[in-house]
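Okay, protein16.pdb now, which holds PDB, C-alpha atoms (C1' of nucleotides):
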```
ATOM      1  CA  MET A1242      15.129 -74.934 -54.076
ATOM      2  CA  PRO A1243      15.726 -71.532 -52.646
ATOM      3  CA  GLU A1244      12.537 -69.820 -51.522
ATOM      4  CA  LEU A1245      12.103 -66.873 -49.197
ATOM      5  CA  PRO A1246      13.683 -68.466 -46.088
ATOM      6  CA  GLU A1247      16.678 -69.749 -48.032
ATOM      7  CA  VAL A1248      17.229 -66.414 -49.763
ATOM      8  CA  GLU A1249      16.846 -64.587 -46.444
ATOM      9  CA  THR A1250      19.461 -66.900 -44.939
ATOM     10  CA  VAL A1251      21.900 -66.180 -47.768
ATOM     11  CA  VAL A1252      21.249 -62.440 -47.474
ATOM     12  CA  ARG A1253      21.968 -62.493 -43.751
ATOM     13  CA  GLY A1254      25.238 -64.286 -44.382
ATOM     14  CA  LEU A1255      26.266 -61.813 -47.074
ATOM     15  CA  ARG A1256      25.214 -58.851 -44.957
ATOM     16  CA  ARG A1257      27.559 -60.030 -42.248
ATOM     17  CA  CYS A1258      30.597 -60.526 -44.466
ATOM     18  CA  LEU A1259      30.190 -58.762 -47.821
ATOM     19  CA  ILE A1260      29.317 -55.174 -46.919
ATOM     20  CA  GLY A1261      32.296 -52.861 -47.422
ATOM     21  CA  GLU A1262      34.013 -55.296 -49.781
ATOM     22  CA  THR A1263      35.277 -53.959 -53.113
ATOM     23  CA  ILE A1264      35.140 -56.024 -56.299
ATOM     24  CA  SER A1265      38.596 -56.216 -57.861
ATOM     25  CA  SER A1266      37.737 -58.444 -60.813
ATOM     26  CA  VAL A1267      34.964 -60.585 -62.237
ATOM     27  CA  THR A1268      35.200 -63.822 -64.208
ATOM     28  CA  ILE A1269      32.231 -65.183 -66.141
ATOM     29  CA  TYR A1270      32.181 -68.872 -67.021
ATOM     30  CA  TRP A1271      28.593 -69.050 -68.294
ATOM     31  CA  ALA A1272      27.490 -65.867 -70.048
ATOM     32  CA  ARG A1273      23.792 -66.675 -69.982
ATOM     33  CA  SER A1274      23.773 -66.368 -66.214
ATOM     34  CA  ILE A1275      24.006 -62.624 -66.891
ATOM     35  CA  ALA A1276      20.697 -61.113 -67.972
ATOM     36  CA  ARG A1277      20.293 -57.846 -69.870
ATOM     37  CA  LEU A1278      23.960 -56.852 -70.145
ATOM     38  CA  ASP A1279      26.795 -58.174 -72.266
ATOM     39  CA  PRO A1280      29.388 -59.957 -70.139
ATOM     40  CA  GLU A1281      31.939 -57.255 -71.001
ATOM     41  CA  GLN A1282      29.632 -54.474 -69.794
ATOM     42  CA  PHE A1283      28.750 -56.433 -66.700
ATOM     43  CA  ILE A1284      32.416 -56.840 -65.807
ATOM     44  CA  ALA A1285      33.324 -53.239 -66.623
ATOM     45  CA  GLN A1286      30.494 -51.793 -64.563
ATOM     46  CA  LEU A1287      31.169 -53.972 -61.523
ATOM     47  CA  THR A1288      34.941 -53.736 -61.331
ATOM     48  CA  GLY A1289      35.975 -51.343 -58.574
ATOM     49  CA  ARG A1290      32.505 -51.124 -57.018
ATOM     50  CA  THR A1291      32.010 -51.409 -53.260
ATOM     51  CA  VAL A1292      29.074 -53.204 -51.624
ATOM     52  CA  ARG A1293      26.949 -50.896 -49.499
ATOM     53  CA  LYS A1294      23.918 -52.980 -48.582
ATOM     54  CA  VAL A1295      22.464 -56.444 -49.080
ATOM     55  CA  ASP A1296      18.696 -56.873 -49.030
ATOM     56  CA  ARG A1297      16.043 -59.348 -50.072
ATOM     57  CA  ARG A1298      12.826 -58.804 -52.024
ATOM     58  CA  GLY A1299      10.822 -61.979 -52.623
ATOM     59  CA  LYS A1300      13.362 -64.503 -53.866
ATOM     60  CA  TRP A1301      15.709 -61.811 -55.177
ATOM     61  CA  ILE A1302      18.994 -60.994 -53.492
ATOM     62  CA  VAL A1303      19.627 -57.259 -53.873
ATOM     63  CA  VAL A1304      23.240 -56.105 -53.579
ATOM     64  CA  ARG A1305      23.420 -52.299 -53.469
ATOM     65  CA  LEU A1306      26.631 -50.771 -54.788
ATOM     66  CA  ASP A1307      28.377 -47.483 -54.065
ATOM     67  CA  ASP A1308      27.449 -45.991 -57.444
ATOM     68  CA  GLY A1309      23.735 -46.551 -56.910
ATOM     69  CA  GLN A1310      23.481 -49.640 -59.053
ATOM     70  CA  GLY A1311      21.896 -52.814 -57.791
ATOM     71  CA  LEU A1312      23.085 -56.330 -58.491
ATOM     72  CA  LEU A1313      20.012 -58.561 -58.441
ATOM     73  CA  VAL A1314      20.587 -62.285 -58.025
ATOM     74  CA  HIS A1315      17.901 -64.943 -58.455
ATOM     75  CA  LEU A1316      19.021 -68.436 -57.453
ATOM     76  CA  ARG A1317      16.089 -70.211 -59.152
ATOM     77  CA  MET A1318      16.515 -73.961 -58.652
ATOM     78  CA  THR A1319      20.146 -74.666 -57.928
ATOM     79  CA  GLY A1320      21.919 -71.345 -57.603
ATOM     80  CA  GLN A1321      24.296 -70.705 -54.720
ATOM     81  CA  LEU A1322      26.121 -67.536 -53.672
ATOM     82  CA  LEU A1323      29.150 -68.556 -51.667
ATOM     83  CA  LEU A1324      31.603 -66.314 -49.872
ATOM     84  CA  GLU A1325      34.934 -68.098 -49.764
ATOM     85  CA  PRO A1326      38.625 -67.620 -49.140
ATOM     86  CA  ALA A1327      40.402 -67.001 -52.448
ATOM     87  CA  PRO A1328      42.522 -70.152 -52.748
ATOM     88  CA  CYS A1329      39.467 -72.318 -53.102
ATOM     89  CA  PRO A1330      38.668 -74.777 -55.889
ATOM     90  CA  ASP A1331      35.759 -74.097 -58.254
ATOM     91  CA  ASP A1332      33.109 -76.769 -58.511
ATOM     92  CA  ASP A1333      31.893 -78.011 -61.904
ATOM     93  CA  TYR A1334      28.995 -75.587 -61.720
ATOM     94  CA  THR A1335      30.812 -72.288 -61.154
ATOM     95  CA  ARG A1336      29.209 -69.680 -63.434
ATOM     96  CA  VAL A1337      30.513 -66.317 -62.141
ATOM     97  CA  VAL A1338      33.293 -65.398 -59.710
ATOM     98  CA  PHE A1339      33.672 -61.986 -58.048
ATOM     99  CA  ASN A1340      37.175 -61.522 -56.685
ATOM    100  CA  LEU A1341      37.291 -59.141 -53.729
ATOM    101  CA  LYS A1342      40.047 -56.790 -52.602
ATOM    102  CA  SER A1343      40.229 -58.492 -49.215
ATOM    103  CA  GLY A1344      41.430 -61.614 -50.989
ATOM    104  CA  ARG A1345      38.182 -63.455 -50.572
ATOM    105  CA  ARG A1346      35.741 -64.100 -53.381
ATOM    106  CA  LEU A1347      32.016 -64.363 -54.000
ATOM    107  CA  ARG A1348      31.197 -67.355 -56.216
ATOM    108  CA  PHE A1349      27.946 -67.979 -58.080
ATOM    109  CA  SER A1350      27.485 -71.701 -58.619
ATOM    110  CA  ASP A1351      24.443 -73.054 -60.462
ATOM    111  CA  MET A1352      24.158 -76.638 -61.638
ATOM    112  CA  ARG A1353      21.077 -76.201 -63.818
ATOM    113  CA  LYS A1354      21.961 -72.737 -65.123
ATOM    114  CA  PHE A1355      18.515 -71.310 -64.375
ATOM    115  CA  GLY A1356      19.783 -68.607 -62.009
ATOM    116  CA  ARG A1357      20.137 -65.019 -63.225
ATOM    117  CA  LEU A1358      22.229 -61.961 -62.342
ATOM    118  CA  ILE A1359      20.945 -58.525 -63.295
ATOM    119  CA  LEU A1360      22.992 -55.347 -62.894
ATOM    120  CA  THR A1361      20.756 -52.310 -63.119
ATOM    121  CA  ASP A1362      20.299 -48.645 -62.188
ATOM    122  CA  ASN A1363      16.630 -49.296 -61.583
ATOM    123  CA  PRO A1364      16.031 -52.408 -59.474
ATOM    124  CA  GLY A1365      12.423 -51.308 -59.251
ATOM    125  CA  ASP A1366      11.904 -52.422 -62.832
ATOM    126  CA  VAL A1367      12.101 -55.973 -61.544
ATOM    127  CA  LEU A1368      11.155 -55.703 -57.891
ATOM    128  CA  ASP A1369       8.065 -53.524 -58.287
ATOM    129  CA  GLU A1370       6.363 -56.326 -60.205
ATOM    130  CA  LEU A1371       6.331 -58.470 -57.075
ATOM    131  CA  GLY A1372       3.444 -58.846 -54.685
ATOM    132  CA  PRO A1373       3.724 -57.972 -50.989
ATOM    133  CA  GLU A1374       6.296 -59.465 -48.657
ATOM    134  CA  PRO A1375       4.545 -62.147 -46.613
ATOM    135  CA  LEU A1376       6.536 -61.196 -43.514
ATOM    136  CA  GLY A1377       6.286 -57.439 -44.099
ATOM    137  CA  GLU A1378       4.215 -55.077 -41.980
ATOM    138  CA  ALA A1379       2.076 -54.068 -44.943
ATOM    139  CA  PHE A1380       0.899 -57.642 -45.404
ATOM    140  CA  THR A1381      -1.912 -57.698 -42.871
ATOM    141  CA  LEU A1382      -4.651 -60.293 -42.513
ATOM    142  CA  GLU A1383      -7.099 -57.681 -43.754
ATOM    143  CA  ARG A1384      -5.091 -57.128 -46.903
ATOM    144  CA  PHE A1385      -4.773 -60.865 -47.489
ATOM    145  CA  GLU A1386      -8.543 -61.223 -47.155
ATOM    146  CA  HIS A1387      -9.060 -58.597 -49.858
ATOM    147  CA  MET A1388      -6.447 -60.210 -52.111
ATOM    148  CA  MET A1389      -8.051 -63.623 -51.808
ATOM    149  CA  ALA A1390     -11.625 -62.388 -52.184
ATOM    150  CA  GLU A1391     -11.098 -61.063 -55.688
ATOM    151  CA  ARG A1392      -9.443 -64.163 -57.096
ATOM    152  CA  ARG A1393     -11.098 -67.395 -58.085
ATOM    153  CA  GLY A1394      -8.044 -69.360 -59.224
ATOM    154  CA  ARG A1395      -6.646 -72.335 -57.363
ATOM    155  CA  VAL A1396      -5.261 -71.219 -54.060
ATOM    156  CA  LYS A1397      -1.977 -73.093 -54.557
ATOM    157  CA  SER A1398      -1.267 -71.575 -57.969
ATOM    158  CA  LEU A1399      -2.074 -68.161 -56.578
ATOM    159  CA  LEU A1400       0.321 -68.500 -53.649
ATOM    160  CA  LEU A1401       3.057 -69.524 -56.081
ATOM    161  CA  ASP A1402       2.441 -66.446 -58.252
ATOM    162  CA  GLN A1403       5.170 -63.961 -57.297
ATOM    163  CA  ARG A1404       3.013 -61.037 -58.450
ATOM    164  CA  PHE A1405       0.380 -62.073 -55.926
ATOM    165  CA  LEU A1406       2.674 -62.753 -52.984
ATOM    166  CA  ALA A1407       6.480 -62.643 -53.132
ATOM    167  CA  GLY A1408       8.786 -65.375 -51.958
ATOM    168  CA  LEU A1409       6.794 -68.575 -51.608
ATOM    169  CA  GLY A1410       7.773 -71.640 -53.602
ATOM    170  CA  ASN A1411       6.529 -75.177 -53.870
ATOM    171  CA  ILE A1412       7.858 -76.426 -50.537
ATOM    172  CA  TYR A1413       6.442 -73.732 -48.276
ATOM    173  CA  VAL A1414       3.137 -73.461 -50.126
ATOM    174  CA  ASN A1415       2.653 -77.185 -49.585
ATOM    175  CA  GLU A1416       3.479 -76.870 -45.909
ATOM    176  CA  ALA A1417       1.288 -73.828 -45.325
ATOM    177  CA  LEU A1418      -1.748 -75.344 -47.042
ATOM    178  CA  TRP A1419      -1.348 -78.556 -45.068
ATOM    179  CA  LYS A1420      -0.967 -76.657 -41.821
ATOM    180  CA  ALA A1421      -4.058 -74.570 -42.602
ATOM    181  CA  ARG A1422      -5.944 -77.730 -43.660
ATOM    182  CA  ILE A1423      -6.843 -76.286 -47.054
ATOM    183  CA  HIS A1424      -6.864 -78.293 -50.297
ATOM    184  CA  PRO A1425      -4.588 -76.765 -52.977
ATOM    185  CA  LEU A1426      -7.313 -76.868 -55.644
ATOM    186  CA  ARG A1427      -9.779 -74.755 -53.669
ATOM    187  CA  PRO A1428     -10.679 -71.529 -55.486
ATOM    188  CA  ALA A1429      -9.137 -68.664 -53.496
ATOM    189  CA  ASN A1430     -12.440 -66.863 -53.037
ATOM    190  CA  SER A1431     -14.133 -70.011 -51.706
ATOM    191  CA  LEU A1432     -12.170 -69.950 -48.451
ATOM    192  CA  SER A1433     -14.060 -68.978 -45.305
ATOM    193  CA  SER A1434     -12.699 -66.073 -43.298
ATOM    194  CA  GLY A1435     -11.489 -68.590 -40.742
ATOM    195  CA  GLU A1436      -9.617 -70.492 -43.433
ATOM    196  CA  VAL A1437      -8.036 -67.325 -44.803
ATOM    197  CA  ALA A1438      -6.880 -66.426 -41.312
ATOM    198  CA  ALA A1439      -5.486 -69.928 -40.786
ATOM    199  CA  LEU A1440      -3.655 -69.748 -44.092
ATOM    200  CA  TYR A1441      -2.257 -66.317 -43.252
ATOM    201  CA  ARG A1442      -0.916 -67.598 -39.957
ATOM    202  CA  ALA A1443       0.374 -70.812 -41.545
ATOM    203  CA  VAL A1444       2.305 -68.951 -44.249
ATOM    204  CA  ARG A1445       3.948 -66.609 -41.795
ATOM    205  CA  SER A1446       4.698 -69.154 -39.086
ATOM    206  CA  THR A1447       6.191 -71.597 -41.589
ATOM    207  CA  LEU A1448       8.434 -68.933 -43.102
ATOM    208  CA  HIS A1449       9.552 -67.693 -39.684
ATOM    209  CA  ALA A1450      10.325 -71.214 -38.522
ATOM    210  CA  ALA A1451      12.278 -72.028 -41.682
ATOM    211  CA  ILE A1452      14.327 -68.833 -41.422
ATOM    212  CA  GLY A1453      15.067 -69.779 -37.819
ATOM    213  CA  GLU A1454      16.538 -73.057 -39.033
ATOM    214  CA  GLY A1455      18.594 -71.461 -41.798
ATOM    215  CA  GLY A1456      16.322 -72.774 -44.574
ATOM    216  CA  THR A1457      15.680 -76.202 -46.067
ATOM    217  CA  THR A1458      18.472 -78.305 -47.546
ATOM    218  CA  LEU A1459      16.944 -81.410 -49.143
ATOM    219  CA  GLU A1460      18.865 -84.603 -49.763
ATOM    220  CA  ASN A1461      19.973 -83.326 -53.156
ATOM    221  CA  GLY A1462      21.931 -80.683 -51.245
ATOM    222  CA  ASN A1463      20.975 -77.914 -53.629
ATOM    223  CA  PHE A1464      20.635 -75.152 -51.081
ATOM    224  CA  ARG A1465      23.668 -73.785 -49.271
ATOM    225  CA  GLN A1466      24.062 -70.789 -47.013
ATOM    226  CA  ALA A1467      26.639 -68.154 -47.980
ATOM    227  CA  ASP A1468      29.257 -69.964 -45.905
ATOM    228  CA  GLY A1469      28.413 -73.338 -47.470
ATOM    229  CA  ALA A1470      26.458 -74.687 -44.499
ATOM    230  CA  ALA A1471      23.224 -76.609 -44.970
ATOM    231  CA  GLY A1472      19.844 -75.466 -43.627
ATOM    232  CA  GLU A1473      18.141 -77.524 -40.955
ATOM    233  CA  PHE A1474      14.433 -77.133 -41.712
ATOM    234  CA  ALA A1475      14.059 -80.289 -43.855
ATOM    235  CA  SER A1476      13.443 -82.440 -40.774
ATOM    236  CA  GLN A1477      10.504 -80.208 -39.899
ATOM    237  CA  LEU A1478       8.708 -80.550 -43.230
ATOM    238  CA  LEU A1479       5.433 -82.278 -42.396
ATOM    239  CA  ALA A1480       3.789 -82.823 -45.783
ATOM    240  CA  TYR A1481       6.179 -81.900 -48.596
ATOM    241  CA  GLY A1482       7.934 -85.009 -49.912
ATOM    242  CA  HIS A1483       6.054 -87.347 -47.563
ATOM    243  CA  GLU A1484       3.966 -89.277 -50.079
ATOM    244  CA  GLY A1485       2.610 -92.514 -48.588
ATOM    245  CA  GLU A1486       3.602 -91.623 -45.050
ATOM    246  CA  PRO A1487       1.088 -91.040 -42.268
ATOM    247  CA  CYS A1488      -0.142 -87.483 -41.816
ATOM    248  CA  PRO A1489       1.383 -86.151 -38.567
ATOM    249  CA  CYS A1490      -2.015 -84.723 -37.697
ATOM    250  CA  CYS A1491      -4.466 -87.554 -38.389
ATOM    251  CA  GLY A1492      -2.503 -90.592 -39.578
ATOM    252  CA  ALA A1493      -4.062 -90.808 -43.041
ATOM    253  CA  ARG A1494      -1.582 -91.428 -45.845
ATOM    254  CA  ILE A1495      -0.214 -88.316 -47.533
ATOM    255  CA  GLU A1496      -0.990 -88.312 -51.264
ATOM    256  CA  ARG A1497       0.915 -86.735 -54.116
ATOM    257  CA  ILE A1498      -1.140 -84.975 -56.764
ATOM    258  CA  THR A1499      -0.253 -82.557 -59.549
ATOM    259  CA  VAL A1500      -1.410 -78.951 -59.492
ATOM    260  CA  GLY A1501      -0.310 -76.676 -62.295
ATOM    261  CA  GLN A1502       2.385 -79.182 -63.349
ATOM    262  CA  ARG A1503       3.851 -79.085 -59.835
ATOM    263  CA  GLY A1504       4.178 -81.917 -57.364
ATOM    264  CA  THR A1505       1.746 -81.349 -54.525
ATOM    265  CA  TYR A1506       1.406 -83.207 -51.222
ATOM    266  CA  VAL A1507      -1.935 -83.346 -49.465
ATOM    267  CA  CYS A1508      -3.566 -85.173 -46.603
ATOM    268  CA  PRO A1509      -6.891 -86.462 -47.982
ATOM    269  CA  ALA A1510      -8.484 -86.263 -44.543
ATOM    270  CA  CYS A1511      -7.174 -82.920 -43.276
ATOM    271  CA  GLN A1512      -7.441 -81.176 -46.665
ATOM    272  CA  PRO A1513     -10.752 -82.301 -48.177
ATOM    273  CA  SER A1514     -10.900 -81.985 -51.948
ATOM    274  CA  PRO A1515     -13.295 -79.364 -53.316
ATOM    275  CA  ALA A1516     -14.551 -81.900 -55.895
ATOM    276  CA  ALA A1517     -15.434 -84.416 -53.196
ATOM    277  CA  GLU A1518     -17.297 -81.813 -51.183
ATOM    278  CA  SER A1519     -19.538 -80.476 -53.881
TER
ATOM    279  C1'  DA B 287      -8.579 -63.691 -65.103
ATOM    280  C1'  DA B 288      -7.278 -68.394 -65.382
ATOM    281  C1'  DA B 289      -5.010 -72.383 -67.066
ATOM    282  C1'  DG B 290      -1.937 -75.031 -69.990
ATOM    283  C1'  DC B 291       2.361 -75.723 -72.205
ATOM    284  C1'  DA B 292       7.075 -75.146 -74.083
ATOM    285  C1'  DC B 293      11.318 -73.544 -72.786
ATOM    286  C1'  DC B 294      15.490 -72.984 -70.172
ATOM    287  C1'  DC B 295      19.000 -77.013 -67.849
ATOM    288  C1'  DT B 296      21.113 -81.316 -65.834
ATOM    289  C1'  DG B 297      21.300 -85.031 -62.397
ATOM    290  C1'  DT B 298      18.772 -88.932 -61.146
ATOM    291  C1'  DA B 299      15.954 -92.821 -61.792
ATOM    292  C1'  DC B 300      13.911 -95.740 -64.455
ATOM    293  C1'  DG B 301      12.804 -99.388 -68.477
ATOM    294  C1'  DC B 302      14.712-102.261 -71.831
TER
ATOM    295  C1'  DT C1484      26.829-101.658 -69.370
ATOM    296  C1'  DG C1485      24.473 -98.407 -71.696
ATOM    297  C1'  DC C1486      21.194 -96.135 -74.084
ATOM    298  C1'  DG C1487      16.854 -93.554 -74.212
ATOM    299  C1'  DT C1488      13.364 -91.238 -71.786
ATOM    300  C1'  DA C1489      10.720 -89.076 -68.065
ATOM    301  C1'  DC C1490      10.947 -86.177 -64.289
ATOM    302  C1'  DA C1491      11.983 -82.451 -61.022
ATOM    303  C1'  DG C1492      11.568 -77.335 -60.417
ATOM    304  C1'  DG C1493      10.936 -71.251 -60.765
ATOM    305  C1'  DG C1494       9.981 -68.100 -63.871
ATOM    306  C1'  DT C1495       8.896 -66.197 -68.534
ATOM    307  C1'  DG C1496       6.325 -66.001 -72.509
ATOM    308  C1'  DC C1497       2.906 -67.513 -75.437
ATOM    309  C1'  DT C1498      -1.661 -69.567 -76.507
ATOM    310  C1'  DT C1499      -6.259 -70.922 -75.456
TER
END
```
Show this structure as structure tokens.
Amino acid sequence: MPELPEVETVVRGLRRCLIGETISSVTIYWARSIARLDPEQFIAQLTGRTVRKVDRRGKWIVVRLDDGQGLLVHLRMTGQLLLEPAPCPDDDYTRVVFNLKSGRRLRFSDMRKFGRLILTDNPGDVLDELGPEPLGEAFTLERFEHMMAERRGRVKSLLLDQRFLAGLGNIYVNEALWKARIHPLRPANSLSSGEVAALYRAVRSTLHAAIGEGGTTLENGNFRQADGAAGEFASQLLAYGHEGEPCPCCGARIERITVGQRGTYVCPACQPSPAAES
DNA sequence: AAAGCACCCTGTACGC
DNA sequence: TGCGTACAGGGTGCTT
């Protein structure tokens, strides 16, 4: 499931190979992948455009075009943006294909059809709703302390809320909370300043490490880099997906609980439950 | 503000 | 074999 490190990895791949490319034609196989615009408008407005920049904001891929428009791509669960040579077979899940003047093509594949493409003059309409970038300079420990202090919801749900903090998903929230030894059900404003600092460091170090490995490709193979390669961070996941296995820190068995309808992995010893404490 | 749920989808894993 | 069902997940939108 693409989260910040996976999206960053895709963006870096596209930045290397897509900038300067001109779109010669667009084919849409699943119209609902396109949000806001009719497929005909989407095609008409993209044909002939040249890619100027590729950026990331949260889990959004932001492709800046020569006419000032932005193509926003959200991969959701199973989306992939693949840059390929033109004579290349589609998979069963190809939803949109951008043919490029160089002869290559950019293909949007998405098994579960949750991904979305938005072409807009005002990317801010979408991106300004997001919380701070966890790896950005503006996201200081001091700011995080203030953010946490005024919220009393469950810390895990809060970290997953893209308006609170942009880019985290279920995998990295699980890892960061385990690393910081904080139970996911703890109210955000119940964390000590030491715990907030540990969580801040855990979030950032986990994201940096995952980006360094090119993201996480689980056994289902859902995530692919822009060149089709897998990410290598899965072997470094210490809690996520490890139900019943010994905690790498203390040896207790990792448990799987549900928080906000999401699978959640905790070490009962390292991450004491708030209910058990009170 | 917080929490729950239905929805959007489909592959996988299960029970019978 | 094969059918039916539950589940997984990010985000949106609605209700409580």
Neighbouring residues of Asn1461 of chain A were defined as those with any atom within 10 Å, considering all atoms listed in the file; residues of the same chain fewer than 3 positions away were excluded. Please report them as a PyMOL selection string. (chain A and resi 1242+1319+1458+1464) or (chain B and resi 297-298)
Could you list, as a VMD selection string, the residues of chain B having an atom within 9 Å of chain A when counting all atoms listed in the file? chain B and resid 287 to 290 294 to 297
Taking the file as I've supplied it (selection: the PyMOL selection byres ((chain A) within 8 of (chain C))), which residues are included? Please answer as a short mmCIF file (atom, residue, chain, number, x, y, z; two decimals) with C-alpha atoms, in the coordinates of the input.
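Listed below is the output, selection_34.cif:
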```cif
data_model
loop_
_atom_site.label_atom_id
_atom_site.label_comp_id
_atom_site.auth_asym_id
_atom_site.auth_seq_id
_atom_site.Cartn_x
_atom_site.Cartn_y
_atom_site.Cartn_z
CA MET A 1242 15.13 -74.93 -54.08
CA ARG A 1317 16.09 -70.21 -59.15
CA MET A 1318 16.52 -73.96 -58.65
CA GLY A 1410 7.77 -71.64 -53.60
CA ARG A 1503 3.85 -79.08 -59.84
#
```
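Residues selected in this file by the PyMOL selection byres ((chain A and resi 1276) around 7) comprise A:Arg1273, A:Ser1274, A:Ile1275, A:Arg1277, A:Leu1278, A:Arg1357, A:Leu1358, A:Ile1359.
Among the candidates A:Leu1316, A:Ala1327, A:Leu1426, A:Ile1498, the residue lying nearest to Glu1247 of chain A is A:Leu1316 (atoms considered: all atoms listed in the file).
The interatomic distance for the pair atom CA of Glu1325 of chain A and atom CA of Asp1362 of chain A works out to 27.3 Å.
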Just the residues within 6 Å of segment 1257-1264 of chain A, please, counting all atoms listed in the file, with nothing from its chain fewer than 4 positions along; format it as a PyMOL selection string. chain A and resi 1288-1293+1340-1342
Atom CA of Glu1496 of chain A sits from atom CA of Asn1411 of chain A at a separation of 15.4 Å
Interatomic distance (Å, one decimal) between atom CA of Gln1403 of chain A and atom CA of Phe1385 of chain A: 14.3 Å
Axis-aligned box over every listed atom of chain B, padded by 8 Å per side: centre and edges in Å to one decimal, as AutoDock Vina command-line options?
```
--center_x 6.4 --center_y -83.0 --center_z -67.6 --size_x 45.9 --size_y 54.6 --size_z 28.9
```
Would you mind listing what lies within 10 Å of Ala1438 of chain A as number ranges by chain, with all atoms listed in the file counted and same-chain residues fewer than 6 positions away left out? A: 1382-1383, 1385-1386, 1421, 1432, 1444
May I have the residues from that selection written out with C-alpha atoms, as an mmCIF file, keeping the file's coordinate frame?
```
data_model
loop_
_atom_site.group_PDB
_atom_site.id
_atom_site.type_symbol
_atom_site.label_atom_id
_atom_site.label_comp_id
_atom_site.auth_asym_id
_atom_site.auth_seq_id
_atom_site.Cartn_x
_atom_site.Cartn_y
_atom_site.Cartn_z
ATOM 1 C CA LEU A 1382 -4.651 -60.293 -42.513
ATOM 2 C CA GLU A 1383 -7.099 -57.681 -43.754
ATOM 3 C CA PHE A 1385 -4.773 -60.865 -47.489
ATOM 4 C CA GLU A 1386 -8.543 -61.223 -47.155
ATOM 5 C CA ALA A 1421 -4.058 -74.570 -42.602
ATOM 6 C CA LEU A 1432 -12.170 -69.950 -48.451
ATOM 7 C CA VAL A 1444 2.305 -68.951 -44.249
#
```
Using all atoms listed in the file, list the residues that have an atom at most 9 Å from (-7.7, -86.0, -41.7), coordinates as in the file, as an NGL selection string. :A and (1422 or 1488 or 1490-1493 or 1508-1513)
